[in-house]
Amino acid sequence: MIHNVYFWLKPDLSAEQRATFETEVMHLLEIDYLVHAWVGKPADTEKRPVCDHTFSYSLTLHFKNLEDHVFYQKDCPKHKRFVDACKTFWDRVVIYDSSPLH
């Protein structure tokens, strides 16, 4: 299962607040039951109508199964820490969860 999260941070954040966000989101990559994890910013790709470059950061987490994702959402201490530390930093969050076709 793939958990894609897009964050739109508030434009008036201080450099210190942005640094805190980056530090905290990077801690999510340390979760030991993830298959893969990645954090990024919008790529400097061609501006096209189908491309959205308006987000501030993206987070992609690959879980082995839905049960690991449920644990992450409800009981994972690192996820709770991230949300508690950073929830005041964003204006918007959009999540796209997907499962394989096979």
# chains A, B, ... in the order shown; residues from 1 in each chain; ligands from 1

call {"tool": "residues_around", "arguments": {"residues": "region 38-46 of chain A", "least_positions_apart": "3", "cutoff": "10 Å", "atoms": "only C-alpha atoms", "output": "list of chain:residue names"}}
result
A:Asn4, A:Val5, A:Tyr6, A:Phe7, A:Glu22, A:Val25, A:Met26, A:Leu28, A:Leu29, A:Pro49, A:Cys51, A:Asp52, A:His53, A:Thr54, A:Phe55, A:Ser56, A:Tyr57, A:Ser58, A:Leu59, A:Thr60, A:Leu61, A:His62

call {"tool": "write_last_selection", "arguments": {"atoms": "N, CA, C and O atoms", "output": "mmCIF file, in the first residue's frame"}}
result
data_model
loop_
_atom_site.group_PDB
_atom_site.id
_atom_site.type_symbol
_atom_site.label_atom_id
_atom_site.label_comp_id
_atom_site.auth_asym_id
_atom_site.auth_seq_id
_atom_site.Cartn_x
_atom_site.Cartn_y
_atom_site.Cartn_z
ATOM 1 N N ASN A 4 0.559 8.546 -0.097
ATOM 2 C CA ASN A 4 1.136 9.779 -0.621
ATOM 3 C C ASN A 4 0.488 10.966 0.061
ATOM 4 O O ASN A 4 -0.740 11.110 0.022
ATOM 5 N N VAL A 5 1.294 11.814 0.661
ATOM 6 C CA VAL A 5 0.792 12.968 1.400
ATOM 7 C C VAL A 5 1.407 14.229 0.810
ATOM 8 O O VAL A 5 2.624 14.291 0.604
ATOM 9 N N TYR A 6 0.561 15.222 0.553
ATOM 10 C CA TYR A 6 1.017 16.509 0.028
ATOM 11 C C TYR A 6 0.673 17.589 1.034
ATOM 12 O O TYR A 6 -0.467 17.659 1.501
ATOM 13 N N PHE A 7 1.670 18.409 1.362
ATOM 14 C CA PHE A 7 1.520 19.473 2.357
ATOM 15 C C PHE A 7 1.668 20.837 1.696
ATOM 16 O O PHE A 7 2.615 21.057 0.931
ATOM 17 N N GLU A 22 10.857 20.146 8.366
ATOM 18 C CA GLU A 22 11.743 19.251 7.624
ATOM 19 C C GLU A 22 12.364 18.197 8.537
ATOM 20 O O GLU A 22 12.437 17.021 8.177
ATOM 21 N N VAL A 25 9.466 15.687 9.597
ATOM 22 C CA VAL A 25 8.984 14.806 8.520
ATOM 23 C C VAL A 25 10.057 13.778 8.162
ATOM 24 O O VAL A 25 9.749 12.629 7.841
ATOM 25 N N MET A 26 11.324 14.161 8.250
ATOM 26 C CA MET A 26 12.398 13.213 7.962
ATOM 27 C C MET A 26 12.452 12.080 8.993
ATOM 28 O O MET A 26 12.847 10.964 8.660
ATOM 29 N N LEU A 28 9.986 10.507 10.043
ATOM 30 C CA LEU A 28 9.032 9.475 9.608
ATOM 31 C C LEU A 28 9.715 8.437 8.728
ATOM 32 O O LEU A 28 9.284 7.284 8.677
ATOM 33 N N LEU A 29 10.778 8.817 8.047
ATOM 34 C CA LEU A 29 11.503 7.872 7.189
ATOM 35 C C LEU A 29 12.221 6.797 7.995
ATOM 36 O O LEU A 29 12.630 5.785 7.447
ATOM 37 N N PRO A 49 -0.718 21.792 -17.640
ATOM 38 C CA PRO A 49 -2.004 21.798 -16.920
ATOM 39 C C PRO A 49 -2.216 20.594 -16.006
ATOM 40 O O PRO A 49 -2.902 20.701 -15.001
ATOM 41 N N CYS A 51 0.124 19.075 -14.234
ATOM 42 C CA CYS A 51 1.114 19.051 -13.150
ATOM 43 C C CYS A 51 0.771 20.097 -12.094
ATOM 44 O O CYS A 51 0.539 21.255 -12.423
ATOM 45 N N ASP A 52 0.786 19.669 -10.843
ATOM 46 C CA ASP A 52 0.533 20.570 -9.724
ATOM 47 C C ASP A 52 1.844 20.790 -8.976
ATOM 48 O O ASP A 52 2.360 19.883 -8.342
ATOM 49 N N HIS A 53 2.367 21.986 -9.083
ATOM 50 C CA HIS A 53 3.615 22.346 -8.400
ATOM 51 C C HIS A 53 3.348 23.247 -7.200
ATOM 52 O O HIS A 53 4.268 23.862 -6.671
ATOM 53 N N THR A 54 2.105 23.312 -6.755
ATOM 54 C CA THR A 54 1.744 24.279 -5.713
ATOM 55 C C THR A 54 2.011 23.793 -4.298
ATOM 56 O O THR A 54 2.014 24.591 -3.369
ATOM 57 N N PHE A 55 2.243 22.509 -4.111
ATOM 58 C CA PHE A 55 2.468 21.989 -2.761
ATOM 59 C C PHE A 55 3.865 22.357 -2.280
ATOM 60 O O PHE A 55 4.761 22.672 -3.067
ATOM 61 N N SER A 56 4.060 22.304 -0.976
ATOM 62 C CA SER A 56 5.362 22.639 -0.376
ATOM 63 C C SER A 56 6.260 21.416 -0.249
ATOM 64 O O SER A 56 7.461 21.483 -0.523
ATOM 65 N N TYR A 57 5.689 20.305 0.225
ATOM 66 C CA TYR A 57 6.435 19.059 0.445
ATOM 67 C C TYR A 57 5.525 17.879 0.133
ATOM 68 O O TYR A 57 4.300 17.968 0.282
ATOM 69 N N SER A 58 6.150 16.772 -0.237
ATOM 70 C CA SER A 58 5.410 15.519 -0.385
ATOM 71 C C SER A 58 6.094 14.448 0.455
ATOM 72 O O SER A 58 7.306 14.492 0.683
ATOM 73 N N LEU A 59 5.289 13.509 0.904
ATOM 74 C CA LEU A 59 5.764 12.366 1.678
ATOM 75 C C LEU A 59 5.148 11.120 1.067
ATOM 76 O O LEU A 59 3.929 11.071 0.861
ATOM 77 N N THR A 60 5.980 10.137 0.758
ATOM 78 C CA THR A 60 5.501 8.864 0.231
ATOM 79 C C THR A 60 5.976 7.757 1.157
ATOM 80 O O THR A 60 7.176 7.635 1.423
ATOM 81 N N LEU A 61 5.026 6.988 1.665
ATOM 82 C CA LEU A 61 5.336 5.864 2.537
ATOM 83 C C LEU A 61 4.773 4.596 1.918
ATOM 84 O O LEU A 61 3.606 4.549 1.530
ATOM 85 N N HIS A 62 5.605 3.573 1.835
ATOM 86 C CA HIS A 62 5.197 2.279 1.281
ATOM 87 C C HIS A 62 5.070 1.293 2.444
ATOM 88 O O HIS A 62 6.066 0.972 3.094
#

call {"tool": "residues_around", "arguments": {"residues": "Gln73 (chain A)", "least_positions_apart": "6", "cutoff": "12 Å", "atoms": "only C-alpha atoms", "output": "number ranges by chain"}}
result
A: 3, 61, 63, 66-67, 79-83

call {"tool": "closest_residue", "arguments": {"among": "A:His36, A:Arg92, A:Lys78, A:Arg48", "to": "Trp8 (chain A)", "atoms": "only C-alpha atoms"}}
result
A:Arg92

call {"tool": "select_by_dssp", "arguments": {"residues": "chain A", "states": "alpha helix (DSSP H)", "output": "PDB file with N, CA and C atoms, in the first residue's frame"}}
result
ATOM      1  N   ALA A  15      11.869  30.658   9.099  1.00  0.00           N
ATOM      2  CA  ALA A  15      12.873  29.685   8.678  1.00  0.00           C
ATOM      3  C   ALA A  15      13.010  28.582   9.736  1.00  0.00           C
ATOM      4  N   GLU A  16      12.888  28.951  10.998  1.00  0.00           N
ATOM      5  CA  GLU A  16      12.972  27.965  12.078  1.00  0.00           C
ATOM      6  C   GLU A  16      11.803  26.977  12.025  1.00  0.00           C
ATOM      7  N   GLN A  17      10.604  27.463  11.751  1.00  0.00           N
ATOM      8  CA  GLN A  17       9.441  26.581  11.650  1.00  0.00           C
ATOM      9  C   GLN A  17       9.580  25.639  10.455  1.00  0.00           C
ATOM     10  N   ARG A  18      10.053  26.147   9.330  1.00  0.00           N
ATOM     11  CA  ARG A  18      10.273  25.282   8.159  1.00  0.00           C
ATOM     12  C   ARG A  18      11.324  24.218   8.472  1.00  0.00           C
ATOM     13  N   ALA A  19      12.370  24.609   9.178  1.00  0.00           N
ATOM     14  CA  ALA A  19      13.406  23.649   9.562  1.00  0.00           C
ATOM     15  C   ALA A  19      12.842  22.586  10.497  1.00  0.00           C
ATOM     16  N   THR A  20      11.970  22.997  11.404  1.00  0.00           N
ATOM     17  CA  THR A  20      11.327  22.034  12.304  1.00  0.00           C
ATOM     18  C   THR A  20      10.481  21.058  11.500  1.00  0.00           C
ATOM     19  N   PHE A  21       9.705  21.558  10.552  1.00  0.00           N
ATOM     20  CA  PHE A  21       8.896  20.681   9.700  1.00  0.00           C
ATOM     21  C   PHE A  21       9.794  19.669   8.988  1.00  0.00           C
ATOM     22  N   GLU A  22      10.857  20.146   8.366  1.00  0.00           N
ATOM     23  CA  GLU A  22      11.743  19.251   7.624  1.00  0.00           C
ATOM     24  C   GLU A  22      12.364  18.197   8.537  1.00  0.00           C
ATOM     25  N   THR A  23      12.798  18.591   9.704  1.00  0.00           N
ATOM     26  CA  THR A  23      13.387  17.640  10.658  1.00  0.00           C
ATOM     27  C   THR A  23      12.371  16.596  11.077  1.00  0.00           C
ATOM     28  N   GLU A  24      11.180  17.049  11.420  1.00  0.00           N
ATOM     29  CA  GLU A  24      10.147  16.124  11.901  1.00  0.00           C
ATOM     30  C   GLU A  24       9.660  15.184  10.802  1.00  0.00           C
ATOM     31  N   VAL A  25       9.466  15.687   9.597  1.00  0.00           N
ATOM     32  CA  VAL A  25       8.984  14.806   8.520  1.00  0.00           C
ATOM     33  C   VAL A  25      10.057  13.778   8.162  1.00  0.00           C
ATOM     34  N   MET A  26      11.324  14.161   8.250  1.00  0.00           N
ATOM     35  CA  MET A  26      12.398  13.213   7.962  1.00  0.00           C
ATOM     36  C   MET A  26      12.452  12.080   8.993  1.00  0.00           C
ATOM     37  N   HIS A  27      12.028  12.345  10.217  1.00  0.00           N
ATOM     38  CA  HIS A  27      11.973  11.280  11.231  1.00  0.00           C
ATOM     39  C   HIS A  27      10.989  10.176  10.841  1.00  0.00           C
ATOM     40  N   LEU A  66      -2.190  -3.206   4.739  1.00  0.00           N
ATOM     41  CA  LEU A  66      -3.119  -2.228   5.297  1.00  0.00           C
ATOM     42  C   LEU A  66      -3.019  -2.171   6.815  1.00  0.00           C
ATOM     43  N   GLU A  67      -2.723  -3.277   7.456  1.00  0.00           N
ATOM     44  CA  GLU A  67      -2.614  -3.308   8.913  1.00  0.00           C
ATOM     45  C   GLU A  67      -1.490  -2.386   9.410  1.00  0.00           C
ATOM     46  N   ASP A  68      -0.367  -2.384   8.694  1.00  0.00           N
ATOM     47  CA  ASP A  68       0.722  -1.479   9.077  1.00  0.00           C
ATOM     48  C   ASP A  68       0.301  -0.020   8.910  1.00  0.00           C
ATOM     49  N   HIS A  69      -0.458   0.244   7.878  1.00  0.00           N
ATOM     50  CA  HIS A  69      -0.956   1.613   7.666  1.00  0.00           C
ATOM     51  C   HIS A  69      -1.912   2.016   8.784  1.00  0.00           C
ATOM     52  N   VAL A  70      -2.782   1.118   9.196  1.00  0.00           N
ATOM     53  CA  VAL A  70      -3.717   1.414  10.290  1.00  0.00           C
ATOM     54  C   VAL A  70      -2.940   1.702  11.569  1.00  0.00           C
ATOM     55  N   PHE A  71      -1.926   0.904  11.854  1.00  0.00           N
ATOM     56  CA  PHE A  71      -1.100   1.160  13.027  1.00  0.00           C
ATOM     57  C   PHE A  71      -0.449   2.536  12.936  1.00  0.00           C
ATOM     58  N   TYR A  72       0.090   2.851  11.780  1.00  0.00           N
ATOM     59  CA  TYR A  72       0.723   4.150  11.561  1.00  0.00           C
ATOM     60  C   TYR A  72      -0.255   5.286  11.867  1.00  0.00           C
ATOM     61  N   GLN A  73      -1.470   5.181  11.366  1.00  0.00           N
ATOM     62  CA  GLN A  73      -2.462   6.244  11.548  1.00  0.00           C
ATOM     63  C   GLN A  73      -2.923   6.374  12.997  1.00  0.00           C
ATOM     64  N   LYS A  74      -3.072   5.253  13.684  1.00  0.00           N
ATOM     65  CA  LYS A  74      -3.701   5.282  15.013  1.00  0.00           C
ATOM     66  C   LYS A  74      -2.733   5.211  16.186  1.00  0.00           C
ATOM     67  N   PRO A  77       4.017   6.148  17.381  1.00  0.00           N
ATOM     68  CA  PRO A  77       4.511   7.298  18.144  1.00  0.00           C
ATOM     69  C   PRO A  77       5.205   8.346  17.267  1.00  0.00           C
ATOM     70  N   LYS A  78       5.919   7.903  16.231  1.00  0.00           N
ATOM     71  CA  LYS A  78       6.603   8.878  15.368  1.00  0.00           C
ATOM     72  C   LYS A  78       5.600   9.695  14.561  1.00  0.00           C
ATOM     73  N   HIS A  79       4.523   9.066  14.110  1.00  0.00           N
ATOM     74  CA  HIS A  79       3.485   9.798  13.378  1.00  0.00           C
ATOM     75  C   HIS A  79       2.787  10.789  14.302  1.00  0.00           C
ATOM     76  N   LYS A  80       2.466  10.339  15.506  1.00  0.00           N
ATOM     77  CA  LYS A  80       1.826  11.234  16.481  1.00  0.00           C
ATOM     78  C   LYS A  80       2.723  12.426  16.787  1.00  0.00           C
ATOM     79  N   ARG A  81       4.010  12.162  16.978  1.00  0.00           N
ATOM     80  CA  ARG A  81       4.957  13.248  17.258  1.00  0.00           C
ATOM     81  C   ARG A  81       4.983  14.253  16.114  1.00  0.00           C
ATOM     82  N   PHE A  82       5.049  13.753  14.866  1.00  0.00           N
ATOM     83  CA  PHE A  82       5.081  14.629  13.698  1.00  0.00           C
ATOM     84  C   PHE A  82       3.836  15.515  13.654  1.00  0.00           C
ATOM     85  N   VAL A  83       2.669  14.906  13.782  1.00  0.00           N
ATOM     86  CA  VAL A  83       1.421  15.680  13.719  1.00  0.00           C
ATOM     87  C   VAL A  83       1.374  16.714  14.845  1.00  0.00           C
ATOM     88  N   ASP A  84       1.693  16.303  16.050  1.00  0.00           N
ATOM     89  CA  ASP A  84       1.663  17.234  17.184  1.00  0.00           C
ATOM     90  C   ASP A  84       2.636  18.394  16.992  1.00  0.00           C
ATOM     91  N   ALA A  85       3.820  18.111  16.458  1.00  0.00           N
ATOM     92  CA  ALA A  85       4.842  19.146  16.304  1.00  0.00           C
ATOM     93  C   ALA A  85       4.573  20.079  15.128  1.00  0.00           C
ATOM     94  N   CYS A  86       3.863  19.584  14.116  1.00  0.00           N
ATOM     95  CA  CYS A  86       3.789  20.332  12.852  1.00  0.00           C
ATOM     96  C   CYS A  86       2.393  20.741  12.393  1.00  0.00           C
TER      97      CYS A  86
END

call {"tool": "closest_residue", "arguments": {"among": "A:Cys76, A:Val50, A:Leu34, A:Met1", "to": "Asp97 (chain A)", "atoms": "only C-alpha atoms"}}
result
A:Met1

call {"tool": "closest_residue", "arguments": {"among": "A:Asp75, A:Trp90, A:Ile31, A:Lys64", "to": "Lys10 (chain A)", "atoms": "only C-alpha atoms"}}
result
A:Trp90
